[in-house]
>>> print(open('input-v4.txt').read())   # compact mmCIF, C-alpha atoms and all ligand atoms
# COMPACT_ATOMS: atom_id res chain seq x y z
CA MET A 1 0.00 0.00 0.00
CA LEU A 2 1.33 3.47 -0.85
CA ASN A 3 1.57 5.78 2.17
CA LYS A 4 0.57 8.84 0.24
CA GLY A 5 -1.96 8.61 -2.59
CA ARG A 6 -0.94 9.12 -6.18
CA ALA A 7 -2.08 12.03 -8.35
CA GLU A 8 -4.95 10.91 -10.58
CA GLU A 9 -3.32 11.94 -13.84
CA GLU A 10 -0.08 10.21 -12.92
CA LEU A 11 -2.01 7.10 -11.94
CA PHE A 12 -3.94 7.02 -15.18
CA SER A 13 -0.93 7.59 -17.35
CA PHE A 14 0.56 4.53 -15.58
CA PHE A 15 -2.64 2.58 -16.39
CA CYS A 16 -2.42 3.79 -19.98
CA ARG A 17 1.06 2.39 -20.33
CA LYS A 18 -0.06 -0.90 -18.81
CA LYS A 19 -3.05 -1.07 -21.14
CA GLN A 20 -0.71 -0.56 -24.09
CA GLU A 21 1.13 -3.71 -23.06
CA ASP A 22 -2.11 -5.66 -23.69
CA LEU A 23 -2.95 -6.90 -27.15
CA ASP A 24 -5.96 -5.47 -28.87
CA TYR A 25 -8.08 -7.94 -30.81
CA THR A 26 -6.58 -7.15 -34.24
CA PHE A 27 -4.36 -10.24 -34.43
CA ILE A 28 -6.10 -12.47 -31.87
CA LEU A 29 -7.38 -15.62 -33.55
CA SER A 30 -7.15 -17.86 -30.47
CA SER A 31 -9.80 -16.43 -28.17
CA MET A 32 -13.38 -17.39 -27.42
CA CYS A 33 -13.90 -13.86 -26.12
CA THR A 34 -14.33 -10.85 -28.37
CA LEU A 35 -14.72 -7.10 -28.30
CA PRO A 36 -17.90 -6.36 -26.35
CA HIS A 37 -20.76 -4.94 -28.38
CA PRO A 38 -21.15 -1.15 -27.81
CA VAL A 39 -24.60 -1.60 -26.24
CA ALA A 40 -23.08 -4.09 -23.76
CA VAL A 41 -20.45 -1.51 -22.79
CA ARG A 42 -23.10 1.18 -22.37
CA ALA A 43 -25.31 -1.06 -20.21
CA HIS A 44 -22.30 -2.28 -18.20
CA CYS A 45 -21.27 1.28 -17.30
CA MET A 46 -24.85 2.07 -16.26
CA PHE A 47 -25.04 -0.80 -13.72
CA MET A 48 -21.46 -0.67 -12.43
CA GLU A 49 -22.30 -0.45 -8.70
CA THR A 50 -25.05 -3.05 -8.60
CA ASN A 51 -24.73 -6.26 -6.59
CA LEU A 52 -26.97 -9.20 -7.45
CA GLY A 53 -25.80 -10.91 -4.26
CA ASP A 54 -28.25 -8.73 -2.35
CA PRO A 55 -31.06 -8.47 -4.88
CA GLY A 56 -33.52 -6.72 -2.56
CA LEU A 57 -31.33 -3.63 -2.79
CA PHE A 58 -31.24 -3.74 -6.59
CA PRO A 59 -34.67 -5.07 -7.62
CA GLY A 60 -34.44 -3.47 -11.06
CA THR A 61 -31.14 -5.17 -11.85
CA ALA A 62 -32.43 -8.44 -10.36
CA SER A 63 -35.40 -8.28 -12.74
CA LEU A 64 -32.95 -7.88 -15.64
CA GLU A 65 -31.27 -11.13 -14.55
CA LYS A 66 -34.69 -12.82 -14.57
CA LEU A 67 -35.33 -11.43 -18.06
CA LEU A 68 -31.97 -12.73 -19.26
CA ILE A 69 -32.79 -16.22 -17.98
CA GLN A 70 -36.21 -15.97 -19.62
CA ARG A 71 -34.64 -15.00 -22.95
CA PHE A 72 -32.38 -18.06 -22.83
CA GLY A 73 -35.28 -20.26 -21.66
CA ASP A 74 -37.25 -19.19 -24.75
CA LEU A 75 -34.26 -19.63 -27.03
CA PHE A 76 -33.58 -23.11 -25.58
CA HIS A 77 -37.20 -24.32 -25.88
CA CYS A 78 -38.11 -24.20 -22.19
CA PRO A 79 -40.03 -20.99 -21.43
CA ASP A 80 -40.25 -21.76 -17.70
CA ALA A 81 -36.55 -22.59 -17.30
CA GLY A 82 -34.86 -21.53 -14.09
CA GLY A 83 -31.29 -20.37 -13.72
CA TYR A 84 -29.02 -17.50 -12.82
CA ALA A 85 -26.15 -15.45 -14.18
CA THR A 86 -22.75 -16.94 -13.36
CA SER A 87 -19.22 -15.70 -13.88
CA GLY A 88 -18.86 -17.97 -16.93
CA GLY A 89 -18.72 -21.56 -18.10
CA THR A 90 -16.50 -22.73 -15.27
CA GLU A 91 -18.95 -21.65 -12.56
CA SER A 92 -21.93 -22.96 -14.56
CA ASN A 93 -20.29 -26.36 -14.97
CA ILE A 94 -19.34 -26.55 -11.28
CA GLN A 95 -22.85 -25.62 -10.20
CA ALA A 96 -24.49 -28.05 -12.63
CA LEU A 97 -22.48 -30.92 -11.17
CA ARG A 98 -23.08 -29.62 -7.63
CA LEU A 99 -26.80 -29.80 -8.37
CA ALA A 100 -26.49 -33.35 -9.71
CA ARG A 101 -24.49 -34.29 -6.61
CA ALA A 102 -27.13 -32.78 -4.28
CA HIS A 103 -29.86 -34.82 -5.97
CA ARG A 104 -27.97 -38.04 -5.36
CA HIS A 105 -26.43 -37.24 -1.97
CA GLU A 106 -26.85 -40.85 -0.85
CA VAL A 107 -24.22 -42.08 -3.34
CA ALA A 108 -20.96 -42.56 -1.44
CA THR A 109 -18.57 -42.77 -4.40
CA PRO A 110 -20.20 -40.70 -7.16
CA ASN A 111 -18.90 -40.49 -10.72
CA VAL A 112 -19.73 -38.37 -13.76
CA ILE A 113 -19.27 -39.20 -17.42
CA VAL A 114 -17.77 -36.48 -19.60
CA PRO A 115 -16.52 -36.61 -23.17
CA GLY A 116 -12.76 -36.73 -23.76
CA SER A 117 -13.22 -33.26 -25.27
CA ALA A 118 -14.70 -31.72 -22.10
CA HIS A 119 -13.34 -28.35 -21.03
CA PHE A 120 -10.86 -28.43 -18.13
CA SER A 121 -13.43 -26.74 -15.90
CA PHE A 122 -14.94 -30.20 -15.34
CA LYS A 123 -11.68 -31.29 -13.77
CA LYS A 124 -12.03 -28.40 -11.31
CA ALA A 125 -15.66 -29.29 -10.65
CA CYS A 126 -14.81 -32.93 -9.96
CA ASP A 127 -11.93 -31.95 -7.65
CA ILE A 128 -14.12 -29.61 -5.63
CA LEU A 129 -17.10 -31.95 -5.45
CA GLY A 130 -15.19 -35.18 -4.88
CA LEU A 131 -16.47 -36.80 -8.06
CA ALA A 132 -14.67 -39.42 -10.10
CA MET A 133 -14.47 -38.23 -13.71
CA ARG A 134 -14.98 -40.92 -16.36
CA ARG A 135 -13.90 -39.77 -19.79
CA ALA A 136 -15.84 -41.26 -22.66
CA PRO A 137 -13.82 -41.66 -25.86
CA LEU A 138 -14.54 -39.64 -28.99
CA LEU A 139 -15.39 -40.98 -32.41
CA GLU A 140 -13.20 -40.16 -35.39
CA ASP A 141 -15.19 -36.96 -36.02
CA HIS A 142 -14.25 -35.66 -32.55
CA ARG A 143 -17.76 -36.21 -31.20
CA MET A 144 -18.47 -38.14 -28.00
CA ASP A 145 -19.07 -41.87 -28.52
CA ALA A 146 -22.54 -42.24 -27.00
CA ASP A 147 -22.37 -46.06 -26.93
CA ALA A 148 -19.09 -45.96 -25.06
CA ALA A 149 -20.60 -43.39 -22.67
CA ALA A 150 -23.56 -45.71 -22.01
CA GLY A 151 -21.11 -48.47 -21.17
CA LEU A 152 -19.48 -46.30 -18.49
CA VAL A 153 -22.72 -45.70 -16.56
CA ASP A 154 -23.10 -47.61 -13.29
CA LYS A 155 -25.19 -47.22 -10.14
CA ASN A 156 -22.84 -44.52 -8.83
CA THR A 157 -23.15 -42.32 -11.94
CA ILE A 158 -24.82 -39.05 -10.94
CA ALA A 159 -24.52 -37.17 -14.23
CA ILE A 160 -23.58 -37.34 -17.86
CA VAL A 161 -22.15 -34.33 -19.72
CA GLY A 162 -22.27 -33.47 -23.41
CA VAL A 163 -20.65 -30.48 -25.11
CA ALA A 164 -22.45 -28.34 -27.69
CA GLY A 165 -19.53 -26.58 -29.37
CA THR A 166 -16.31 -28.12 -28.08
CA THR A 167 -13.50 -25.79 -27.09
CA GLU A 168 -10.88 -27.37 -29.34
CA TYR A 169 -12.69 -28.58 -32.46
CA GLY A 170 -16.07 -26.83 -32.42
CA MET A 171 -18.07 -30.06 -32.46
CA VAL A 172 -21.56 -30.74 -31.11
CA ASP A 173 -21.84 -34.06 -29.25
CA PRO A 174 -24.76 -36.43 -30.06
CA ILE A 175 -27.06 -34.75 -27.52
CA PRO A 176 -30.26 -36.77 -28.38
CA ALA A 177 -28.42 -40.11 -27.95
CA LEU A 178 -26.93 -38.92 -24.64
CA GLY A 179 -30.39 -37.72 -23.59
CA ARG A 180 -31.75 -41.24 -24.15
CA ILE A 181 -29.08 -42.63 -21.81
CA ALA A 182 -29.97 -40.01 -19.19
CA VAL A 183 -33.69 -40.81 -19.40
CA GLN A 184 -33.17 -44.55 -19.40
CA ASP A 185 -30.79 -44.52 -16.43
CA ASP A 186 -32.54 -41.61 -14.71
CA ILE A 187 -29.45 -39.45 -14.32
CA PHE A 188 -28.78 -35.73 -14.71
CA PHE A 189 -27.68 -34.58 -18.15
CA HIS A 190 -25.72 -31.34 -18.35
CA VAL A 191 -25.04 -29.74 -21.74
CA ASP A 192 -22.02 -27.45 -21.84
CA ALA A 193 -23.09 -24.95 -24.48
CA ALA A 194 -20.81 -22.22 -23.09
CA PHE A 195 -19.65 -21.53 -26.64
CA GLY A 196 -22.27 -23.14 -28.90
CA GLY A 197 -25.32 -21.91 -27.03
CA MET A 198 -25.06 -18.54 -28.75
CA VAL A 199 -24.23 -20.07 -32.15
CA ILE A 200 -26.33 -23.18 -32.76
CA PRO A 201 -29.81 -21.54 -32.42
CA PHE A 202 -28.84 -19.11 -35.20
CA LEU A 203 -27.56 -21.67 -37.73
CA PRO A 204 -29.73 -22.41 -40.79
CA ASP A 205 -30.16 -26.01 -39.69
CA PRO A 206 -29.58 -26.12 -35.92
CA MET A 207 -28.66 -29.49 -34.45
CA PRO A 208 -30.65 -30.53 -31.36
CA PHE A 209 -28.79 -29.56 -28.18
CA ASP A 210 -31.20 -27.86 -25.79
CA PHE A 211 -34.26 -28.54 -23.59
CA ALA A 212 -36.16 -29.74 -26.67
CA VAL A 213 -34.09 -32.90 -26.24
CA PRO A 214 -35.68 -35.18 -23.61
CA GLY A 215 -33.37 -35.77 -20.67
CA VAL A 216 -31.42 -32.48 -20.76
CA THR A 217 -31.46 -31.17 -17.16
CA THR A 218 -29.13 -28.15 -17.26
CA ILE A 219 -27.39 -26.00 -19.88
CA ALA A 220 -24.39 -23.67 -19.58
CA VAL A 221 -24.22 -20.73 -21.99
CA ASP A 222 -21.78 -17.82 -21.94
CA PRO A 223 -22.83 -14.34 -23.09
CA HIS A 224 -19.18 -13.27 -22.70
CA LYS A 225 -18.22 -15.57 -25.57
CA MET A 226 -20.41 -15.39 -28.70
CA GLY A 227 -22.94 -13.23 -26.83
CA MET A 228 -20.54 -10.27 -27.13
CA SER A 229 -21.22 -9.15 -23.59
CA THR A 230 -18.71 -7.66 -21.19
CA ILE A 231 -16.78 -10.12 -19.00
CA PRO A 232 -17.81 -11.93 -16.77
CA ALA A 233 -21.15 -13.16 -18.09
CA GLY A 234 -22.28 -16.78 -18.01
CA CYS A 235 -25.67 -18.39 -17.42
CA LEU A 236 -26.72 -21.69 -15.94
CA LEU A 237 -30.18 -22.79 -17.11
CA THR A 238 -32.26 -25.51 -15.48
CA ARG A 239 -35.27 -27.39 -16.83
CA GLY A 240 -37.99 -26.13 -14.53
CA ALA A 241 -37.86 -23.06 -12.34
CA ASP A 242 -37.21 -24.60 -8.92
CA LEU A 243 -34.42 -27.07 -9.51
CA LEU A 244 -31.70 -24.81 -8.12
CA ASN A 245 -33.49 -24.50 -4.78
CA THR A 246 -31.89 -27.82 -3.81
CA LEU A 247 -28.67 -25.80 -3.42
CA ASN A 248 -30.20 -23.16 -1.14
CA ILE A 249 -28.33 -22.19 1.97
CA ASP A 250 -29.48 -19.68 4.59
CA THR A 251 -28.28 -16.09 4.26
CA PRO A 252 -29.52 -14.55 7.51
CA TYR A 253 -28.71 -10.86 7.09
CA LEU A 254 -29.36 -10.27 3.36
CA THR A 255 -32.51 -8.95 1.73
CA VAL A 256 -33.13 -12.55 0.64
CA LYS A 257 -33.15 -15.38 3.16
CA GLN A 258 -31.56 -18.04 0.98
CA GLU A 259 -29.29 -18.28 -2.04
CA TYR A 260 -28.19 -21.05 -4.40
CA THR A 261 -25.46 -19.16 -6.27
CA LEU A 262 -21.78 -20.03 -5.92
CA GLY A 263 -20.63 -16.42 -5.70
CA GLY A 264 -21.91 -14.12 -2.99
CA THR A 265 -21.38 -10.60 -4.29
CA ARG A 266 -22.25 -10.79 -8.00
CA PRO A 267 -21.93 -8.08 -10.63
CA GLY A 268 -25.12 -6.77 -12.25
CA ALA A 269 -23.20 -4.85 -14.92
CA PRO A 270 -22.34 -7.75 -17.28
CA VAL A 271 -25.87 -9.12 -16.82
CA ALA A 272 -27.27 -5.83 -18.12
CA GLY A 273 -24.62 -6.01 -20.86
CA ALA A 274 -25.69 -9.51 -21.90
CA LEU A 275 -29.38 -8.61 -22.01
CA ALA A 276 -28.61 -5.40 -23.90
CA VAL A 277 -26.97 -7.36 -26.74
CA LEU A 278 -29.77 -9.93 -26.97
CA ASP A 279 -32.53 -7.34 -27.03
CA TYR A 280 -30.70 -4.88 -29.26
CA LEU A 281 -29.83 -7.44 -31.91
CA GLY A 282 -32.80 -9.77 -31.57
CA ARG A 283 -32.90 -13.05 -33.43
CA ASP A 284 -32.28 -11.36 -36.80
CA GLY A 285 -29.19 -9.51 -35.57
CA MET A 286 -27.72 -12.59 -33.89
CA THR A 287 -28.40 -14.64 -37.02
CA ALA A 288 -26.50 -12.06 -39.08
CA ILE A 289 -23.51 -12.21 -36.69
CA VAL A 290 -23.42 -16.02 -36.60
CA THR A 291 -23.90 -16.28 -40.38
CA GLY A 292 -20.89 -13.99 -40.83
CA CYS A 293 -18.73 -16.00 -38.40
CA MET A 294 -19.64 -19.28 -40.12
CA LYS A 295 -18.97 -17.82 -43.57
CA ASN A 296 -15.55 -16.68 -42.39
CA THR A 297 -14.87 -20.11 -40.86
CA HIS A 298 -15.68 -21.78 -44.19
CA ARG A 299 -13.57 -19.25 -46.10
CA LEU A 300 -10.65 -19.90 -43.73
CA ILE A 301 -10.96 -23.66 -44.18
CA ALA A 302 -11.14 -23.35 -47.99
CA GLY A 303 -8.22 -20.90 -48.02
CA MET A 304 -6.04 -23.05 -45.77
CA GLU A 305 -6.79 -26.22 -47.74
CA SER A 306 -5.99 -24.53 -51.05
CA ARG A 307 -2.63 -23.59 -49.48
CA GLY A 308 -1.98 -27.20 -48.49
CA PHE A 309 -3.01 -27.14 -44.81
CA ARG A 310 -5.47 -29.99 -44.26
CA ARG A 311 -8.38 -29.41 -41.90
CA ALA A 312 -8.33 -31.50 -38.69
CA ALA A 313 -12.11 -31.49 -38.32
CA THR A 314 -15.23 -30.29 -40.08
CA PRO A 315 -16.65 -28.12 -37.31
CA ASP A 316 -20.29 -27.53 -36.39
CA VAL A 317 -19.51 -24.05 -35.05
CA ASN A 318 -16.93 -21.35 -35.78
CA VAL A 319 -13.75 -23.09 -34.62
CA ALA A 320 -11.34 -24.25 -37.34
CA THR A 321 -8.39 -26.62 -36.88
CA PHE A 322 -5.56 -27.54 -39.24
CA VAL A 323 -2.52 -29.72 -39.68
CA CYS A 324 0.25 -27.13 -39.53
CA GLU A 325 3.73 -26.82 -38.09
CA LYS A 326 4.06 -24.29 -35.31
CA GLU A 327 6.89 -22.37 -37.03
CA ARG A 328 4.62 -21.73 -40.02
CA VAL A 329 2.49 -19.17 -38.16
CA PRO A 330 4.04 -15.70 -38.56
CA ASP A 331 4.08 -12.88 -35.99
CA PRO A 332 2.09 -11.03 -34.79
CA TRP A 333 -0.80 -13.50 -35.20
CA LYS A 334 -1.99 -15.17 -32.00
CA VAL A 335 -3.31 -18.64 -32.67
CA SER A 336 -3.70 -21.63 -30.34
CA TRP A 337 -2.84 -25.31 -30.56
CA THR A 338 -5.02 -28.24 -29.58
CA CYS A 339 -3.78 -31.04 -27.29
CA GLN A 340 -3.11 -32.99 -30.49
CA ASP A 341 -1.05 -30.08 -31.85
CA TYR A 342 -3.45 -28.89 -34.51
CA LEU A 343 -3.52 -25.19 -35.32
CA ARG A 344 -6.75 -23.76 -33.90
CA ILE A 345 -8.50 -20.55 -34.94
CA VAL A 346 -11.76 -19.27 -33.49
CA CYS A 347 -13.62 -17.07 -35.97
CA MET A 348 -15.14 -14.70 -33.42
CA PRO A 349 -17.10 -11.59 -34.43
CA HIS A 350 -13.94 -9.44 -34.30
CA VAL A 351 -12.24 -11.75 -36.83
CA HIS A 352 -13.57 -10.01 -39.93
CA LEU A 353 -13.09 -11.36 -43.45
CA ASP A 354 -10.20 -8.95 -44.10
CA ARG A 355 -8.39 -10.46 -41.05
CA ILE A 356 -8.86 -13.97 -42.49
CA GLU A 357 -7.53 -12.88 -45.87
CA ALA A 358 -4.56 -11.13 -44.21
CA PHE A 359 -3.79 -14.26 -42.19
CA LEU A 360 -4.03 -16.50 -45.28
CA ASN A 361 -1.75 -14.13 -47.12
CA ASP A 362 0.80 -14.14 -44.28
CA ILE A 363 0.87 -17.90 -43.73
CA GLY A 364 1.48 -18.47 -47.44
CA ASP A 365 1.73 -21.78 -49.21
CA ASN A 366 2.45 -25.15 -47.63
CA HIS A 367 3.00 -26.96 -50.93
CA ALA A 368 6.60 -28.04 -51.41
N1 LIG B 1 -16.98 -24.74 -21.56
C1 LIG B 1 -16.48 -24.58 -22.79
C2 LIG B 1 -16.99 -25.41 -23.92
C3 LIG B 1 -15.47 -23.62 -23.00
O1 LIG B 1 -14.96 -23.49 -24.23
C4 LIG B 1 -15.02 -22.84 -21.92
C5 LIG B 1 -13.94 -21.82 -22.09
C6 LIG B 1 -15.60 -23.05 -20.65
C7 LIG B 1 -16.57 -24.00 -20.51
C8 LIG B 1 -15.19 -22.25 -19.46
O2 LIG B 1 -15.64 -20.95 -19.58
P1 LIG B 1 -15.01 -19.75 -18.72
O3 LIG B 1 -13.58 -19.62 -19.14
O4 LIG B 1 -15.86 -18.60 -19.11
O5 LIG B 1 -15.16 -20.11 -17.29
N2 LIG B 1 -13.32 -21.77 -23.33
C9 LIG B 1 -12.16 -20.98 -23.64
C10 LIG B 1 -10.90 -21.80 -23.44
O6 LIG B 1 -10.62 -22.26 -22.32
C11 LIG B 1 -12.05 -19.72 -22.84
C12 LIG B 1 -11.06 -18.76 -23.39
C13 LIG B 1 -11.48 -17.50 -23.78
C14 LIG B 1 -9.72 -19.04 -23.50
C15 LIG B 1 -10.58 -16.59 -24.24
C16 LIG B 1 -8.81 -18.12 -23.99
C17 LIG B 1 -9.24 -16.88 -24.36
O7 LIG B 1 -8.35 -15.94 -24.84
O8 LIG B 1 -10.21 -22.01 -24.42
>>> encode(input="input-v4.txt", output="structure tokens")
Amino acid sequence: MLNKGRAEEELFSFFCRKKQEDLDYTFILSSMCTLPHPVAVRAHCMFMETNLGDPGLFPGTASLEKLLIQRFGDLFHCPDAGGYATSGGTESNIQALRLARAHRHEVATPNVIVPGSAHFSFKKACDILGLAMRRAPLLEDHRMDADAAAGLVDKNTIAIVGVAGTTEYGMVDPIPALGRIAVQDDIFFHVDAAFGGMVIPFLPDPMPFDFAVPGVTTIAVDPHKMGMSTIPAGCLLTRGADLLNTLNIDTPYLTVKQEYTLGGTRPGAPVAGALAVLDYLGRDGMTAIVTGCMKNTHRLIAGMESRGFRRAATPDVNVATFVCEKERVPDPWKVSWTCQDYLRIVCMPHVHLDRIEAFLNDIGDNHA
């Protein structure tokens, strides 16, 4: 702690220098976040001081959270869905498994079945909750092998997880087949649509992934990814309004007597930001954004293949992967690499067509 405060202008010129050390999004092809939409920024600034952890003090903001959940409930074919705004996919995934655990508290040695492609947040969730994680293998197309998953279920299985838009390859798992397993064995089924939840509904031919699929219990979706909200903005949705009440604990001195959230103090600002984007763009606006991202993904794949870089997968959403040597990618482009060492590019809204063309130009030709 400084003894004497710092002059404001001096402080902010220091912050300016620090901010300049950050990358802007111009060359970032590796991120599942993007520049927030201007209406998200405006809404965020308006609700900066609000705390959803004590909703009785901020009833207006709390009603915006309810509206946000309602919007996603409608979008995901369950108008009376419950849920709340989380800090992102990690918290949503932890809370979904916590809910599954609470419903089967009598099981002494619980396990969950996740696809080999599951995001590492499930590892955190299993560590915290004392769950054994059983990884189901993937098929050749990078989708979860539903038959293998069924074979992993036993009497101690409390939940099965499918991913709608995998982090590495942009694949949607066979959600209806997994739903059948969940119904048949009467277990929770959590769909991690942190990324795909704001893409799939706006595709011309959306694959089934939401509450329309029998057996789906909970869904994670992240407005701070394809929803172009400010960070941190995630949502956990539940089939039915009251499911989360199982997690209630007493909160004696708040304006509410119980809460089921993981966080205590929770920001209202990104929640307003997330709702602002949804309501400003509407279905038509989101469809335009997603159509653009998918077009760019297909252009990137065609461009890379014509340069001799084979695709590693044919993605369902806007994540493209290629066989490529690491040295081939020139500065200052920021790309990422999958566990299997494929070049990975996420065609987020800030990755405009001119960025794709510039990248293709810079990477050049892979033919001998
Ligand atoms: N589920 C899926 C399918 C995800 O892809 C992610 C994150 C999560 C859950 C966890 O979400 P939170 O990070 O919001 O808790 N996927 C990206 C990843 O780990 C997140 C990311 C975003 C990484 C921007 C880098 C980056 O620059 O790759």
>>> residues_around(input="input-v4.txt", residues="A:Ile363", least_positions_apart="4", cutoff="8 Å", atoms="all atoms listed in the file", output="list in words")
Arg328, Val329, Pro330 and Phe359 of chain A
>>> residues_near_ligand(input="input-v4.txt", ligand="ligand LIG 1 (chain B)", cutoff="9 Å", atoms="all atoms listed in the file", output="JSON list (two decimals) with C-alpha atoms, in the coordinates of the input")
[["chain", "number", "residue", "atom", "x", "y", "z"],
["A", 28, "ILE", "CA", -6.10, -12.47, -31.87],
["A", 29, "LEU", "CA", -7.38, -15.62, -33.55],
["A", 30, "SER", "CA", -7.15, -17.86, -30.47],
["A", 31, "SER", "CA", -9.80, -16.43, -28.17],
["A", 32, "MET", "CA", -13.38, -17.39, -27.42],
["A", 33, "CYS", "CA", -13.90, -13.86, -26.12],
["A", 34, "THR", "CA", -14.33, -10.85, -28.37],
["A", 87, "SER", "CA", -19.22, -15.70, -13.88],
["A", 88, "GLY", "CA", -18.86, -17.97, -16.93],
["A", 89, "GLY", "CA", -18.72, -21.56, -18.10],
["A", 90, "THR", "CA", -16.50, -22.73, -15.27],
["A", 91, "GLU", "CA", -18.95, -21.65, -12.56],
["A", 92, "SER", "CA", -21.93, -22.96, -14.56],
["A", 93, "ASN", "CA", -20.29, -26.36, -14.97],
["A", 117, "SER", "CA", -13.22, -33.26, -25.27],
["A", 118, "ALA", "CA", -14.70, -31.72, -22.10],
["A", 119, "HIS", "CA", -13.34, -28.35, -21.03],
["A", 120, "PHE", "CA", -10.86, -28.43, -18.13],
["A", 121, "SER", "CA", -13.43, -26.74, -15.90],
["A", 122, "PHE", "CA", -14.94, -30.20, -15.34],
["A", 163, "VAL", "CA", -20.65, -30.48, -25.11],
["A", 164, "ALA", "CA", -22.45, -28.34, -27.69],
["A", 165, "GLY", "CA", -19.53, -26.58, -29.37],
["A", 166, "THR", "CA", -16.31, -28.12, -28.08],
["A", 167, "THR", "CA", -13.50, -25.79, -27.09],
["A", 168, "GLU", "CA", -10.88, -27.37, -29.34],
["A", 170, "GLY", "CA", -16.07, -26.83, -32.42],
["A", 192, "ASP", "CA", -22.02, -27.45, -21.84],
["A", 193, "ALA", "CA", -23.09, -24.95, -24.48],
["A", 194, "ALA", "CA", -20.81, -22.22, -23.09],
["A", 195, "PHE", "CA", -19.65, -21.53, -26.64],
["A", 196, "GLY", "CA", -22.27, -23.14, -28.90],
["A", 220, "ALA", "CA", -24.39, -23.67, -19.58],
["A", 221, "VAL", "CA", -24.22, -20.73, -21.99],
["A", 222, "ASP", "CA", -21.78, -17.82, -21.94],
["A", 224, "HIS", "CA", -19.18, -13.27, -22.70],
["A", 225, "LYS", "CA", -18.22, -15.57, -25.57],
["A", 231, "ILE", "CA", -16.78, -10.12, -19.00],
["A", 232, "PRO", "CA", -17.81, -11.93, -16.77],
["A", 233, "ALA", "CA", -21.15, -13.16, -18.09],
["A", 234, "GLY", "CA", -22.28, -16.78, -18.01],
["A", 336, "SER", "CA", -3.70, -21.63, -30.34]]
>>> residues_near_point(input="input-v4.txt", point="(-29.9, -12.7, 2.3)", cutoff="12 Å", atoms="only C-alpha atoms", output="JSON, numbers by chain")
{"A": [52, 53, 54, 55, 56, 57, 248, 249, 250, 251, 252, 253, 254, 255, 256, 257, 258, 259, 260, 261, 264, 265]}
>>> write_last_selection(input="input-v4.txt", atoms="C-alpha atoms", output="PDB file, keeping the file's coordinate frame")
ATOM      1  CA  LEU A  52     -26.970  -9.200  -7.450  1.00  0.00           C
ATOM      2  CA  GLY A  53     -25.800 -10.910  -4.260  1.00  0.00           C
ATOM      3  CA  ASP A  54     -28.250  -8.730  -2.350  1.00  0.00           C
ATOM      4  CA  PRO A  55     -31.060  -8.470  -4.880  1.00  0.00           C
ATOM      5  CA  GLY A  56     -33.520  -6.720  -2.560  1.00  0.00           C
ATOM      6  CA  LEU A  57     -31.330  -3.630  -2.790  1.00  0.00           C
ATOM      7  CA  ASN A 248     -30.200 -23.160  -1.140  1.00  0.00           C
ATOM      8  CA  ILE A 249     -28.330 -22.190   1.970  1.00  0.00           C
ATOM      9  CA  ASP A 250     -29.480 -19.680   4.590  1.00  0.00           C
ATOM     10  CA  THR A 251     -28.280 -16.090   4.260  1.00  0.00           C
ATOM     11  CA  PRO A 252     -29.520 -14.550   7.510  1.00  0.00           C
ATOM     12  CA  TYR A 253     -28.710 -10.860   7.090  1.00  0.00           C
ATOM     13  CA  LEU A 254     -29.360 -10.270   3.360  1.00  0.00           C
ATOM     14  CA  THR A 255     -32.510  -8.950   1.730  1.00  0.00           C
ATOM     15  CA  VAL A 256     -33.130 -12.550   0.640  1.00  0.00           C
ATOM     16  CA  LYS A 257     -33.150 -15.380   3.160  1.00  0.00           C
ATOM     17  CA  GLN A 258     -31.560 -18.040   0.980  1.00  0.00           C
ATOM     18  CA  GLU A 259     -29.290 -18.280  -2.040  1.00  0.00           C
ATOM     19  CA  TYR A 260     -28.190 -21.050  -4.400  1.00  0.00           C
ATOM     20  CA  THR A 261     -25.460 -19.160  -6.270  1.00  0.00           C
ATOM     21  CA  GLY A 264     -21.910 -14.120  -2.990  1.00  0.00           C
ATOM     22  CA  THR A 265     -21.380 -10.600  -4.290  1.00  0.00           C
TER      23      THR A 265
END
>>> residues_around(input="input-v4.txt", residues="A:Met348", least_positions_apart="2", cutoff="12 Å", atoms="all atoms listed in the file", output="MDAnalysis selection string")
chainID A and resid 25:36 195:196 198:199 224:228 289:297 317:320 345:346 350:353 355:356
>>> atom_distance(input="input-v4.txt", atom1="atom CA of A:Gly215", atom2="atom CA of A:Ala159")
11.0 Å
>>> residues_around(input="input-v4.txt", residues="A:Leu67", least_positions_apart="6", cutoff="12 Å", atoms="only C-alpha atoms", output="list of chain:residue names")
A:Gly60, A:Thr61, A:Gly73, A:Asp74, A:Pro79, A:Asp80, A:Ala81, A:Gly82, A:Gly83, A:Tyr84, A:Ala85, A:Cys235, A:Val271, A:Ala272, A:Ala274, A:Leu275, A:Ala276, A:Leu278, A:Asp279
>>> residues_around(input="input-v4.txt", residues="stretch 134-137 of chain A", least_positions_apart="4", cutoff="7 Å", atoms="all atoms listed in the file", output="VMD selection string")
chain A and resid 111 to 116 144 to 145 148 to 149
>>> write_last_selection(input="input-v4.txt", atoms="C-alpha atoms", output="PDB file, keeping the file's coordinate frame")
ATOM      1  CA  ASN A 111     -18.900 -40.490 -10.720  1.00  0.00           C
ATOM      2  CA  VAL A 112     -19.730 -38.370 -13.760  1.00  0.00           C
ATOM      3  CA  ILE A 113     -19.270 -39.200 -17.420  1.00  0.00           C
ATOM      4  CA  VAL A 114     -17.770 -36.480 -19.600  1.00  0.00           C
ATOM      5  CA  PRO A 115     -16.520 -36.610 -23.170  1.00  0.00           C
ATOM      6  CA  GLY A 116     -12.760 -36.730 -23.760  1.00  0.00           C
ATOM      7  CA  MET A 144     -18.470 -38.140 -28.000  1.00  0.00           C
ATOM      8  CA  ASP A 145     -19.070 -41.870 -28.520  1.00  0.00           C
ATOM      9  CA  ALA A 148     -19.090 -45.960 -25.060  1.00  0.00           C
ATOM     10  CA  ALA A 149     -20.600 -43.390 -22.670  1.00  0.00           C
TER      11      ALA A 149
END
